[in-house]
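Undergrad: Contents of target32.cif (mmCIF, C-alpha atoms) are below:
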data_run
loop_
_atom_site.label_atom_id
_atom_site.label_comp_id
_atom_site.auth_asym_id
_atom_site.auth_seq_id
_atom_site.Cartn_x
_atom_site.Cartn_y
_atom_site.Cartn_z
CA MET A 826 0.01 8.76 29.64
CA ASN A 827 -2.68 9.02 27.02
CA TYR A 828 -1.42 9.64 23.48
CA ARG A 829 -3.60 11.12 20.74
CA PHE A 830 -3.03 9.62 17.29
CA LEU A 831 -4.27 10.95 13.97
CA ILE A 832 -4.41 8.72 10.88
CA TYR A 833 -4.05 11.11 7.94
CA ILE A 834 -5.21 9.71 4.59
CA SER A 835 -6.28 10.71 1.10
CA HIS A 836 -7.58 7.78 -0.95
CA THR A 837 -9.59 4.71 0.01
CA TYR A 838 -6.63 2.35 -0.44
CA ALA A 839 -5.30 3.81 2.83
CA LEU A 840 -8.20 2.35 4.83
CA PRO A 841 -6.83 -1.22 5.19
CA ILE A 842 -3.43 0.27 6.10
CA GLY A 843 -4.87 2.43 8.85
CA GLY A 844 -7.24 -0.24 10.16
CA PRO A 845 -4.60 -2.44 11.86
CA LEU A 846 -2.93 0.70 13.26
CA GLN A 847 -6.23 1.84 14.75
CA LYS A 848 -6.80 -1.59 16.27
CA GLU A 849 -3.36 -1.51 17.89
CA ILE A 850 -3.77 2.05 19.18
CA LEU A 851 -7.12 1.26 20.80
CA GLY A 852 -5.72 -2.02 22.13
CA GLN A 853 -3.02 -0.08 23.94
CA GLY A 854 -5.64 2.24 25.42
CA TYR A 855 -4.82 5.37 23.41
CA GLU A 856 -7.01 7.74 21.41
CA VAL A 857 -7.22 7.73 17.59
CA LYS A 858 -9.08 9.78 15.00
CA TRP A 859 -8.90 9.96 11.20
CA PHE A 860 -8.71 12.78 8.68
CA SER A 861 -9.05 12.58 4.90
CA ASP A 862 -8.16 15.38 2.51
CA GLN A 863 -10.33 13.76 -0.20
CA GLU A 864 -14.11 14.20 -0.04
CA TYR A 865 -15.03 10.84 -1.65
CA THR A 866 -13.09 8.94 1.00
CA LYS A 867 -15.16 10.49 3.78
CA ALA A 868 -18.17 8.43 2.64
CA TYR A 869 -16.49 5.34 4.15
CA PHE A 870 -16.89 6.71 7.67
CA PRO A 871 -17.95 6.21 10.45
CA GLU A 872 -17.65 2.51 9.57
CA GLN A 873 -13.85 2.82 9.51
CA GLY A 874 -13.50 4.90 12.68
CA ASP A 875 -13.91 8.40 14.12
CA LEU A 876 -13.39 10.92 11.30
CA LEU A 877 -12.62 14.58 11.96
CA ASP A 878 -14.68 16.63 9.51
CA SER A 879 -12.41 19.64 8.93
CA ILE A 880 -8.79 20.68 9.20
CA GLU A 881 -9.85 23.08 11.97
CA ASP A 882 -11.14 20.07 13.92
CA VAL A 883 -7.79 18.35 13.39
CA ILE A 884 -5.91 21.34 14.80
CA SER A 885 -8.24 21.48 17.80
CA TYR A 886 -7.72 17.75 18.40
CA LYS A 887 -3.97 18.44 18.88
CA PRO A 888 -2.62 14.99 17.98
CA ASP A 889 0.68 13.88 19.46
CA ILE A 890 1.44 11.57 16.53
CA VAL A 891 0.25 11.89 12.92
CA LEU A 892 0.39 8.56 11.06
CA THR A 893 0.45 9.54 7.40
CA ILE A 894 -0.69 7.22 4.60
CA THR A 895 -0.15 9.81 1.87
CA ASP A 896 2.89 11.46 0.31
CA SER A 897 2.20 14.90 1.77
CA LEU A 898 0.16 16.41 4.57
CA ALA A 899 -0.78 19.67 6.28
CA ASP A 900 2.49 20.62 7.97
CA PHE A 901 0.76 22.95 10.45
CA ILE A 902 -1.02 20.10 12.24
CA PRO A 903 0.41 19.57 15.74
CA GLY A 904 2.42 16.44 16.53
CA ILE A 905 5.25 14.45 15.00
CA LYS A 906 4.68 13.47 11.38
CA VAL A 907 5.24 9.79 10.58
CA GLN A 908 5.34 8.26 7.10
CA VAL A 909 3.91 4.72 7.14
CA PHE A 910 3.56 4.44 3.32
CA HIS A 911 0.61 3.57 1.08
CA GLY A 912 2.30 0.77 -0.83
CA PHE A 913 5.44 -1.24 -1.39
CA LEU A 914 8.20 -0.22 -3.75
CA ALA A 915 6.72 -0.97 -7.20
CA ASN A 916 9.51 0.32 -9.49
CA LYS A 917 7.10 2.42 -11.54
CA HIS A 918 9.21 5.57 -11.17
CA SER A 919 12.84 6.62 -10.95
CA PHE A 920 14.64 6.65 -7.59
CA LYS A 921 14.24 10.43 -7.16
CA LYS A 922 10.58 10.50 -8.18
CA GLY A 923 9.29 7.30 -6.63
CA HIS A 924 9.23 5.58 -3.26
CA PHE A 925 12.36 7.35 -2.01
CA ARG A 926 11.41 10.94 -2.79
CA ILE A 927 12.02 13.12 0.26
CA ARG A 928 9.28 15.74 0.37
CA GLY A 929 10.31 17.40 3.63
CA PHE A 930 7.13 16.72 5.61
CA PHE A 931 8.14 13.87 7.90
CA ASP A 932 10.01 13.47 11.18
CA LEU A 933 10.03 9.68 11.12
CA TYR A 934 9.88 7.01 8.41
CA CYS A 935 8.65 3.57 9.52
CA THR A 936 10.11 1.37 6.80
CA GLN A 937 8.93 -2.04 5.63
CA GLY A 938 12.13 -4.07 5.32
CA PRO A 939 15.87 -3.98 4.50
CA SER A 940 15.40 -3.11 0.81
CA THR A 941 13.72 0.18 1.74
CA THR A 942 15.40 0.79 5.10
CA GLY A 943 18.88 0.87 3.53
CA PRO A 944 18.16 3.62 0.97
CA PHE A 945 16.17 5.67 3.49
CA LYS A 946 19.05 5.40 6.00
CA GLU A 947 21.37 6.84 3.36
CA LEU A 948 18.87 9.65 2.72
CA GLN A 949 18.69 10.25 6.48
CA LYS A 950 22.47 10.84 6.55
CA GLN A 951 22.13 13.23 3.63
CA HIS A 952 19.14 15.30 4.82
CA LYS A 953 19.47 14.98 8.62
CA HIS A 954 15.95 16.23 9.38
CA PHE A 955 14.24 12.87 9.93
CA GLU A 956 14.87 9.45 11.42
CA VAL A 957 14.37 6.03 9.85
CA ILE A 958 13.32 2.94 11.82
CA GLU A 959 12.34 -0.42 10.34
CA THR A 960 9.02 -1.71 11.69
CA GLY A 961 7.30 -3.67 8.94
CA TRP A 962 4.03 -2.53 7.35
CA SER A 963 0.66 -2.49 9.09
CA LYS A 964 -1.43 -3.46 6.06
CA VAL A 965 0.00 -6.97 5.85
CA ASP A 966 -0.55 -7.87 9.52
CA PRO A 967 -3.86 -9.62 8.68
CA LEU A 968 -2.05 -11.81 6.12
CA PHE A 969 -0.55 -13.84 8.93
CA PRO A 970 -0.59 -16.64 9.78
CA ILE A 971 -0.35 -17.76 6.15
CA GLN A 972 -3.47 -19.54 4.88
CA ARG A 973 -3.59 -22.02 1.99
CA ASN A 974 -6.58 -22.28 -0.33
CA SER A 975 -8.77 -25.22 0.65
CA THR A 976 -11.03 -25.23 -2.42
CA GLU A 977 -10.87 -28.01 -5.00
CA LYS A 978 -10.55 -25.61 -7.94
CA PRO A 979 -7.38 -23.43 -7.95
CA VAL A 980 -8.06 -19.72 -7.37
CA ILE A 981 -6.33 -17.09 -9.50
CA LEU A 982 -6.42 -13.53 -8.20
CA ILE A 983 -6.17 -10.88 -10.92
CA SER A 984 -4.87 -7.50 -9.81
CA SER A 985 -3.76 -4.45 -11.78
CA THR A 986 -2.27 -1.03 -11.34
CA PHE A 987 -4.10 2.07 -12.63
CA SER A 988 -1.29 3.46 -14.79
CA PRO A 989 -2.12 3.06 -18.52
CA LYS A 990 1.57 2.48 -19.20
CA TYR A 991 1.68 -0.64 -17.01
CA SER A 992 -1.89 -1.85 -16.49
CA LEU A 993 -2.85 -5.14 -18.15
CA THR A 994 -6.43 -3.84 -18.34
CA TYR A 995 -5.38 -1.60 -21.24
CA ASP A 996 -4.32 -4.62 -23.33
CA GLU A 997 -7.44 -5.93 -25.07
CA GLU A 998 -5.80 -9.25 -25.96
CA VAL A 999 -4.90 -9.91 -22.32
CA VAL A 1000 -8.42 -9.09 -21.20
CA ASN A 1001 -9.89 -11.40 -23.86
CA GLU A 1002 -7.57 -14.21 -22.79
CA ILE A 1003 -8.64 -13.84 -19.16
CA GLU A 1004 -12.26 -14.12 -20.26
CA ARG A 1005 -11.49 -17.20 -22.40
CA LEU A 1006 -9.68 -18.95 -19.55
CA SER A 1007 -12.49 -18.19 -17.12
CA LYS A 1008 -15.02 -19.85 -19.45
CA ILE A 1009 -12.98 -23.06 -19.66
CA GLY A 1010 -13.81 -23.67 -16.00
CA LYS A 1011 -10.45 -25.15 -14.98
CA TRP A 1012 -9.73 -22.31 -12.55
CA GLU A 1013 -11.65 -19.78 -10.49
CA PHE A 1014 -10.79 -16.13 -11.08
CA LYS A 1015 -11.20 -13.33 -8.55
CA VAL A 1016 -10.61 -9.81 -9.85
CA VAL A 1017 -9.71 -6.73 -7.78
CA LEU A 1018 -8.57 -3.55 -9.50
CA HIS A 1019 -6.95 -0.34 -8.31
CA PRO A 1020 -9.61 2.20 -7.21
CA LYS A 1021 -7.97 4.89 -9.37
CA LEU A 1022 -8.22 2.76 -12.52
CA ALA A 1023 -10.30 4.25 -15.34
CA LYS A 1024 -13.98 3.43 -14.82
CA ASP A 1025 -14.46 2.01 -18.29
CA LYS A 1026 -11.74 -0.57 -17.64
CA ILE A 1027 -13.43 -1.62 -14.42
CA GLU A 1028 -16.78 -1.93 -16.21
CA ILE A 1029 -15.26 -4.39 -18.69
CA PHE A 1030 -14.45 -6.81 -15.87
CA LYS A 1031 -17.81 -6.26 -14.20
CA ASP A 1032 -19.53 -7.22 -17.46
CA MET A 1033 -17.20 -10.21 -17.88
CA GLN A 1034 -18.36 -11.93 -14.68
CA ASN A 1035 -19.47 -15.56 -14.90
CA GLU A 1036 -19.58 -18.61 -12.65
CA ASN A 1037 -15.77 -18.79 -12.69
CA LEU A 1038 -14.92 -15.08 -12.59
CA THR A 1039 -16.00 -12.55 -9.95
CA TYR A 1040 -15.16 -8.86 -9.70
CA TYR A 1041 -14.72 -7.44 -6.18
CA ASP A 1042 -15.23 -3.73 -5.57
CA THR A 1043 -13.12 -3.38 -2.45
CA THR A 1044 -9.91 -1.91 -1.09
CA ASP A 1045 -9.70 -4.59 1.61
CA ILE A 1046 -7.89 -7.12 -0.54
CA VAL A 1047 -6.18 -9.16 2.18
CA PRO A 1048 -9.12 -11.63 2.44
CA LEU A 1049 -8.83 -12.19 -1.33
CA PHE A 1050 -5.06 -12.71 -0.99
CA LYS A 1051 -5.64 -15.40 1.59
CA LYS A 1052 -8.16 -17.27 -0.59
CA ALA A 1053 -6.02 -17.26 -3.76
CA ASP A 1054 -3.39 -19.79 -4.84
CA ILE A 1055 -1.54 -17.45 -7.20
CA MET A 1056 -1.82 -13.93 -8.61
CA PHE A 1057 -1.82 -12.74 -12.21
CA SER A 1058 -0.83 -9.09 -12.42
CA ASP A 1059 1.40 -6.41 -14.00
CA THR A 1060 3.44 -3.79 -12.10
CA THR A 1061 1.20 -3.05 -9.13
CA SER A 1062 2.67 -2.84 -5.62
CA ALA A 1063 -0.03 -5.32 -4.53
CA ILE A 1064 2.22 -8.03 -5.97
CA THR A 1065 4.58 -7.61 -3.05
CA GLU A 1066 1.78 -7.84 -0.51
CA PHE A 1067 0.58 -11.07 -2.11
CA ILE A 1068 3.99 -12.70 -2.48
CA LEU A 1069 4.69 -12.33 1.26
CA GLN A 1070 2.39 -15.34 1.66
CA GLN A 1071 4.96 -17.47 -0.21
CA LYS A 1072 2.53 -17.74 -3.12
CA PRO A 1073 3.69 -17.40 -6.78
CA VAL A 1074 2.87 -14.45 -9.01
CA VAL A 1075 2.63 -14.36 -12.80
CA THR A 1076 3.33 -10.89 -14.16
CA PHE A 1077 2.62 -9.52 -17.62
CA LYS A 1078 5.33 -7.13 -18.86
CA ASN A 1079 6.45 -6.22 -15.36
CA ASN A 1080 8.54 -3.06 -15.27
CA LYS A 1081 11.32 -4.74 -13.28
CA PRO A 1082 10.87 -8.52 -13.34
CA GLY A 1083 12.90 -10.70 -11.02
CA GLU A 1084 13.42 -14.39 -10.36
CA HIS A 1085 10.64 -14.28 -7.75
CA PHE A 1086 8.09 -13.57 -10.53
CA ILE A 1087 7.08 -15.65 -13.51
CA ASP A 1088 7.13 -12.79 -15.99
CA ILE A 1089 5.79 -13.08 -19.54
CA ALA A 1090 5.36 -10.65 -22.43
CA GLU A 1091 3.13 -12.67 -24.78
CA VAL A 1092 -0.58 -13.31 -24.38
CA SER A 1093 -0.17 -16.85 -25.74
CA LYS A 1094 1.97 -17.74 -22.71
CA ILE A 1095 -0.52 -16.73 -20.01
CA GLU A 1096 -2.17 -20.16 -19.63
CA ASP A 1097 1.15 -22.06 -19.41
CA ALA A 1098 2.56 -19.50 -16.97
CA ILE A 1099 -0.43 -19.90 -14.66
CA THR A 1100 -0.08 -23.70 -14.81
CA LYS A 1101 3.61 -23.38 -13.96
CA ALA A 1102 2.89 -21.05 -11.04
CA LEU A 1103 0.32 -23.44 -9.59
CA SER A 1104 3.00 -26.17 -9.51
CA ARG A 1105 5.09 -23.95 -7.18
CA PRO A 1106 8.44 -24.71 -8.90
CA ARG A 1107 11.31 -24.87 -6.44
CA PRO A 1108 13.58 -22.21 -8.06
CA VAL A 1109 10.71 -19.72 -7.98
CA MET A 1110 9.82 -20.54 -4.38
CA VAL A 1111 13.45 -20.11 -3.27
CA ALA A 1112 13.59 -16.75 -5.04
CA ILE A 1113 10.32 -15.73 -3.37
CA GLN A 1114 11.74 -16.47 0.07
CA ASN A 1115 14.90 -14.51 -0.70
CA TYR A 1116 12.74 -11.59 -1.83
CA ILE A 1117 10.64 -11.74 1.33
CA ASP A 1118 13.79 -11.67 3.48
CA VAL A 1119 14.85 -8.30 2.09
CA THR A 1120 11.41 -6.76 1.45
CA HIS A 1121 9.32 -7.57 4.53
CA PRO A 1122 10.84 -10.23 6.78
CA TYR A 1123 8.10 -9.94 9.43
CA SER A 1124 5.55 -12.76 9.44
CA ASP A 1125 4.39 -12.35 13.05
CA GLY A 1126 1.51 -9.99 12.22
CA LYS A 1127 2.87 -7.43 14.71
CA SER A 1128 4.11 -4.66 12.44
CA SER A 1129 1.37 -2.31 13.67
CA GLN A 1130 2.55 -2.87 17.21
CA ARG A 1131 6.11 -2.03 16.20
CA VAL A 1132 4.94 1.13 14.41
CA ILE A 1133 2.97 2.42 17.41
CA ASN A 1134 5.68 1.58 19.94
CA THR A 1135 8.35 3.14 17.71
CA CYS A 1136 6.30 6.34 17.35
CA ILE A 1137 5.86 6.68 21.10
CA GLU A 1138 9.55 6.06 21.73
CA PHE A 1139 10.48 8.62 19.06
CA LEU A 1140 8.04 11.17 20.50
CA ASN A 1141 9.67 10.85 23.91
CA SER A 1142 13.25 10.77 22.62
CA ASP A 1143 15.82 13.56 22.40
CA ARG A 1144 15.45 14.85 18.84
CA SER A 1145 17.81 17.80 19.17
CA ASN A 1146 20.20 16.15 16.71
CA LEU A 1147 17.67 16.54 13.88
CA LYS A 1148 17.93 19.57 11.61
CA LYS A 1149 14.92 21.74 10.88
CA LYS A 1150 12.81 20.52 7.99
CA PRO A 1151 13.18 22.48 4.73
CA LEU A 1152 10.88 25.45 4.08
CA ASN A 1153 9.15 23.50 1.31
CA LEU A 1154 6.99 26.52 0.44
CA ILE A 1155 5.53 25.29 -2.84
CA ARG A 1156 4.39 21.92 -1.45
CA LYS A 1157 3.04 23.59 1.70
CA PHE A 1158 1.08 26.08 -0.39
CA LYS A 1159 -0.42 23.28 -2.50
CA VAL A 1160 -1.66 21.50 0.63
CA ARG A 1161 -3.11 24.73 2.03
CA LYS A 1162 -4.83 25.45 -1.26
CA GLN A 1163 -6.31 21.95 -1.38
CA LEU A 1164 -7.65 22.34 2.16
CA ASN A 1165 -8.59 26.01 1.66
CA TYR A 1166 -6.63 26.89 4.78
CA PHE A 1167 -4.37 29.94 4.71
CA LYS A 1168 -4.12 30.92 8.37
CA LEU A 1169 -0.66 31.46 9.80
#
Could I get this file's structure written as structure tokens?
TA:
Amino acid sequence: MNYRFLIYISHTYALPIGGPLQKEILGQGYEVKWFSDQEYTKAYFPEQGDLLDSIEDVISYKPDIVLTITDSLADFIPGIKVQVFHGFLANKHSFKKGHFRIRGFFDLYCTQGPSTTGPFKELQKQHKHFEVIETGWSKVDPLFPIQRNSTEKPVILISSTFSPKYSLTYDEEVVNEIERLSKIGKWEFKVVLHPKLAKDKIEIFKDMQNENLTYYDTTDIVPLFKKADIMFSDTTSAITEFILQQKPVVTFKNNKPGEHFIDIAEVSKIEDAITKALSRPRPVMVAIQNYIDVTHPYSDGKSSQRVINTCIEFLNSDRSNLKKKPLNLIRKFKVRKQLNYFKL
């Protein structure tokens, strides 16, 4: 049987999450198209795949399975609605407002690892209108097998969230220290920033570039992860993606620091913290492995395969035990208004 998949996205950071899913779908001989509810994202096609231009085209396509890399979607699209997530749990919000918010759009949640599967299973028991199955996350498939940096000079990847409350890019002293360290020449710095970060903050790093510091304007950050020895960051979910490689991370004022990070709160400690991270201290490495075990224990690069197979099995399963999804009128209206679609 031929299955029609739709990858439903909003922002450009969804592209490297949908890419491995598309590859797996096509590899299994099925059909896949994309839809974005944000105009600026459409400029990245057709390089990324086959994009449907309008919501009317999506409805006509009649997908069997909608793989959603946003928090909400057009509920009137045919097919089962699957949440595959646009990031790891980053602890930037409360439990009810963050990663575990149930918005009433999805039939199936494909979770990343035990630390998210457990809470979603509890929510499944409470709401009873969706199912939760752990698959791993498609975006990190290209991370594996793990690759060590082969360059003589250690590579430090700088990454940041876009939230002014948490982003290191809003701390002028931190930015100045990064520039100072790059000019010493001891390390090579690669910088990749969240696409939703304020443009003036991005421009600062563009202007800062020198022979030891390069800014990368990309959402495909996995190749940069593979080339780096450590990461210096704040409270971005990209930390989790990076740390799955068993590589240390130095965080600056992380919202919820753990033993698997080397967290600091003073600019004067940045250089020493980076030096410590590059030495891969055993207690930190043990904590990293423990964190990986509960966050994303899959290092086989086959999470996309598990997602697609799980979706097909769920589509063909008896779902009569699931309750009807909530009316969710306000959220549904907001999506319709965004898409300018008010047909019944």
Undergrad: Using only C-alpha atoms, what residues lie at most 9 Å away from (1.8, -8.6, -8.9) (file coordinates), given as a ChimeraX atom specification?
TA: /A:983-986,1056-1068,1074-1077,1079,1086
Undergrad: What does the PyMOL selection byres ((chain A and resi 835) around 10) select in this file, as a PDB file with C-alpha atoms, keeping the file's coordinate frame?
TA:
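File produced: part_6.pdb:
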ATOM      1  CA  TYR A 833      -4.050  11.110   7.940  1.00  0.00           C
ATOM      2  CA  ILE A 834      -5.210   9.710   4.590  1.00  0.00           C
ATOM      3  CA  HIS A 836      -7.580   7.780  -0.950  1.00  0.00           C
ATOM      4  CA  THR A 837      -9.590   4.710   0.010  1.00  0.00           C
ATOM      5  CA  TYR A 838      -6.630   2.350  -0.440  1.00  0.00           C
ATOM      6  CA  ALA A 839      -5.300   3.810   2.830  1.00  0.00           C
ATOM      7  CA  LEU A 840      -8.200   2.350   4.830  1.00  0.00           C
ATOM      8  CA  PHE A 860      -8.710  12.780   8.680  1.00  0.00           C
ATOM      9  CA  SER A 861      -9.050  12.580   4.900  1.00  0.00           C
ATOM     10  CA  ASP A 862      -8.160  15.380   2.510  1.00  0.00           C
ATOM     11  CA  GLN A 863     -10.330  13.760  -0.200  1.00  0.00           C
ATOM     12  CA  GLU A 864     -14.110  14.200  -0.040  1.00  0.00           C
ATOM     13  CA  TYR A 865     -15.030  10.840  -1.650  1.00  0.00           C
ATOM     14  CA  THR A 866     -13.090   8.940   1.000  1.00  0.00           C
ATOM     15  CA  LYS A 867     -15.160  10.490   3.780  1.00  0.00           C
ATOM     16  CA  THR A 893       0.450   9.540   7.400  1.00  0.00           C
ATOM     17  CA  ILE A 894      -0.690   7.220   4.600  1.00  0.00           C
ATOM     18  CA  THR A 895      -0.150   9.810   1.870  1.00  0.00           C
ATOM     19  CA  ASP A 896       2.890  11.460   0.310  1.00  0.00           C
ATOM     20  CA  SER A 897       2.200  14.900   1.770  1.00  0.00           C
ATOM     21  CA  LEU A 898       0.160  16.410   4.570  1.00  0.00           C
ATOM     22  CA  HIS A 911       0.610   3.570   1.080  1.00  0.00           C
TER      23      HIS A 911
END
Undergrad: What are the closest atom pairs, with distances in Å to one decimal, for each residue of region 927-1043 of chain A lying within 9 Å of region 1144-1149 of chain A, using all atoms listed in the file, rows by chain and rising residue number, as a tab-separated table?
TA:
residue	atom	partner	partner_atom	distance
A:Asp932	CA	A:Leu1147	CA	8.7
A:His952	CA	A:Lys1148	CA	8.1
A:Lys953	CA	A:Lys1148	CA	5.7
A:His954	CA	A:Lys1148	CA	4.5
A:Phe955	CA	A:Leu1147	CA	6.4
A:Glu956	CA	A:Leu1147	CA	8.0
Undergrad: Give me the result of the PyMOL selection byres ((chain A and resi 1027) around 12) on this file, residue by residue, as a PyMOL selection string.
TA: chain A and resi 984-987+992-995+1000+1016-1026+1028-1034+1040-1042
Undergrad: For this structure, which residues satisfy the selection - the PyMOL selection byres ((chain A and resi 970) around 8) - when it is evaluated on the file as given? I want them as a PDB file with C-alpha atoms, keeping the file's coordinate frame.
TA:
ATOM      1  CA  PRO A 967      -3.860  -9.620   8.680  1.00  0.00           C
ATOM      2  CA  LEU A 968      -2.050 -11.810   6.120  1.00  0.00           C
ATOM      3  CA  PHE A 969      -0.550 -13.840   8.930  1.00  0.00           C
ATOM      4  CA  ILE A 971      -0.350 -17.760   6.150  1.00  0.00           C
ATOM      5  CA  GLN A 972      -3.470 -19.540   4.880  1.00  0.00           C
ATOM      6  CA  SER A1124       5.550 -12.760   9.440  1.00  0.00           C
ATOM      7  CA  ASP A1125       4.390 -12.350  13.050  1.00  0.00           C
ATOM      8  CA  GLY A1126       1.510  -9.990  12.220  1.00  0.00           C
TER       9      GLY A1126
END
Undergrad: I'd like the neighbourhood of region 1101-1115 of chain A as a ChimeraX atom specification, where a residue qualifies if any of its atoms comes within 9 Å (using all atoms listed in the file), though same-chain residues fewer than 4 positions away should be ignored.
TA: /A:979,1054-1056,1068-1069,1071-1075,1083-1087,1096-1097,1119-1120
Undergrad: Output the selection as an mmCIF file, keeping the file's coordinate frame - C-alpha atoms for each residue.
TA:
data_model
loop_
_atom_site.group_PDB
_atom_site.id
_atom_site.type_symbol
_atom_site.label_atom_id
_atom_site.label_comp_id
_atom_site.auth_asym_id
_atom_site.auth_seq_id
_atom_site.Cartn_x
_atom_site.Cartn_y
_atom_site.Cartn_z
ATOM 1 C CA PRO A 979 -7.380 -23.430 -7.950
ATOM 2 C CA ASP A 1054 -3.390 -19.790 -4.840
ATOM 3 C CA ILE A 1055 -1.540 -17.450 -7.200
ATOM 4 C CA MET A 1056 -1.820 -13.930 -8.610
ATOM 5 C CA ILE A 1068 3.990 -12.700 -2.480
ATOM 6 C CA LEU A 1069 4.690 -12.330 1.260
ATOM 7 C CA GLN A 1071 4.960 -17.470 -0.210
ATOM 8 C CA LYS A 1072 2.530 -17.740 -3.120
ATOM 9 C CA PRO A 1073 3.690 -17.400 -6.780
ATOM 10 C CA VAL A 1074 2.870 -14.450 -9.010
ATOM 11 C CA VAL A 1075 2.630 -14.360 -12.800
ATOM 12 C CA GLY A 1083 12.900 -10.700 -11.020
ATOM 13 C CA GLU A 1084 13.420 -14.390 -10.360
ATOM 14 C CA HIS A 1085 10.640 -14.280 -7.750
ATOM 15 C CA PHE A 1086 8.090 -13.570 -10.530
ATOM 16 C CA ILE A 1087 7.080 -15.650 -13.510
ATOM 17 C CA GLU A 1096 -2.170 -20.160 -19.630
ATOM 18 C CA ASP A 1097 1.150 -22.060 -19.410
ATOM 19 C CA VAL A 1119 14.850 -8.300 2.090
ATOM 20 C CA THR A 1120 11.410 -6.760 1.450
#
Undergrad: Which residue gives the smallest distance to Leu933 (chain A) among A:Thr1044, A:Asn1165, A:Ser1142, A:Thr1100, with all atoms listed in the file counted?
TA: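 Of A:Thr1044, A:Asn1165, A:Ser1142, A:Thr1100, the one nearest Leu933 (chain A) is A:Ser1142, counting all atoms listed in the file.
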Undergrad: So, with all atoms listed in the file as the atoms that count, which of A:Val909, A:Leu831, A:Ile1099, A:Ala899 lies closest to Leu877 (chain A)?
TA: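 Of A:Val909, A:Leu831, A:Ile1099, A:Ala899, the one nearest Leu877 (chain A), counting all atoms listed in the file, is A:Leu831.
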Undergrad: Nearest residue to Ser940 (chain A) out of A:Glu1138, A:Glu959, A:Asp1045, A:Glu872, using all atoms listed in the file?
TA: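 Residue with the minimum atom-to-atom distance to Ser940 (chain A): A:Glu959.
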Undergrad: Determine, counting all atoms listed in the file, every residue of protein, DNA or RNA that lies within 6 Å of (-5.7, -4.3, 2.9) in the file coordinates, then give the result as a PyMOL selection string.
TA: chain A and resi 841+964+1045-1047
Undergrad: What does the distance from CA of Asp875 (chain A) to CA of Ile1133 (chain A) come to in Å, to one decimal?
TA: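 Value for the CA of Asp875 (chain A)-CA of Ile1133 (chain A) distance: 18.2 Å.
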Undergrad: Hey, can you check how far CA of Leu1164 (chain A) sits from CA of Phe870 (chain A)?
TA: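 CA of Phe870 (chain A) lies at a distance of 19.0 Å from CA of Leu1164 (chain A).
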Undergrad: When you count only C-alpha atoms, which of these residues is closest to Pro1151 (chain A): A:Gln1163, A:Phe931, A:Pro939, A:Ala1090?
TA: A:Phe931
Undergrad: Check the smallest atom-to-atom distance from each of A:Lys1162, A:Lys1094, A:Lys1078, A:Lys887 to Lys990 (chain A) using all atoms listed in the file, then report the winner.
TA: A:Lys1078
Undergrad: Name the residues in contact with Arg1005 (chain A) at a cut-off of 12 Å, using all atoms listed in the file, excluding same-chain residues fewer than 6 positions from it; report them as a ChimeraX atom specification.
TA: /A:998-999,1011-1012,1014,1033-1035,1037-1038,1092-1093,1095-1096
Undergrad: Do you have the CA of Thr936 (chain A)-CA of Thr1135 (chain A) distance handy?
TA: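 Calculated distance between CA of Thr936 (chain A) and CA of Thr1135 (chain A) is 11.2 Å.
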Undergrad: Counting only C-alpha atoms, what is within 7 Å of Trp962 (chain A), bar same-chain residues fewer than 3 positions away, as an MDAnalysis selection string?
TA: chainID A and resid 937 965 1128:1129
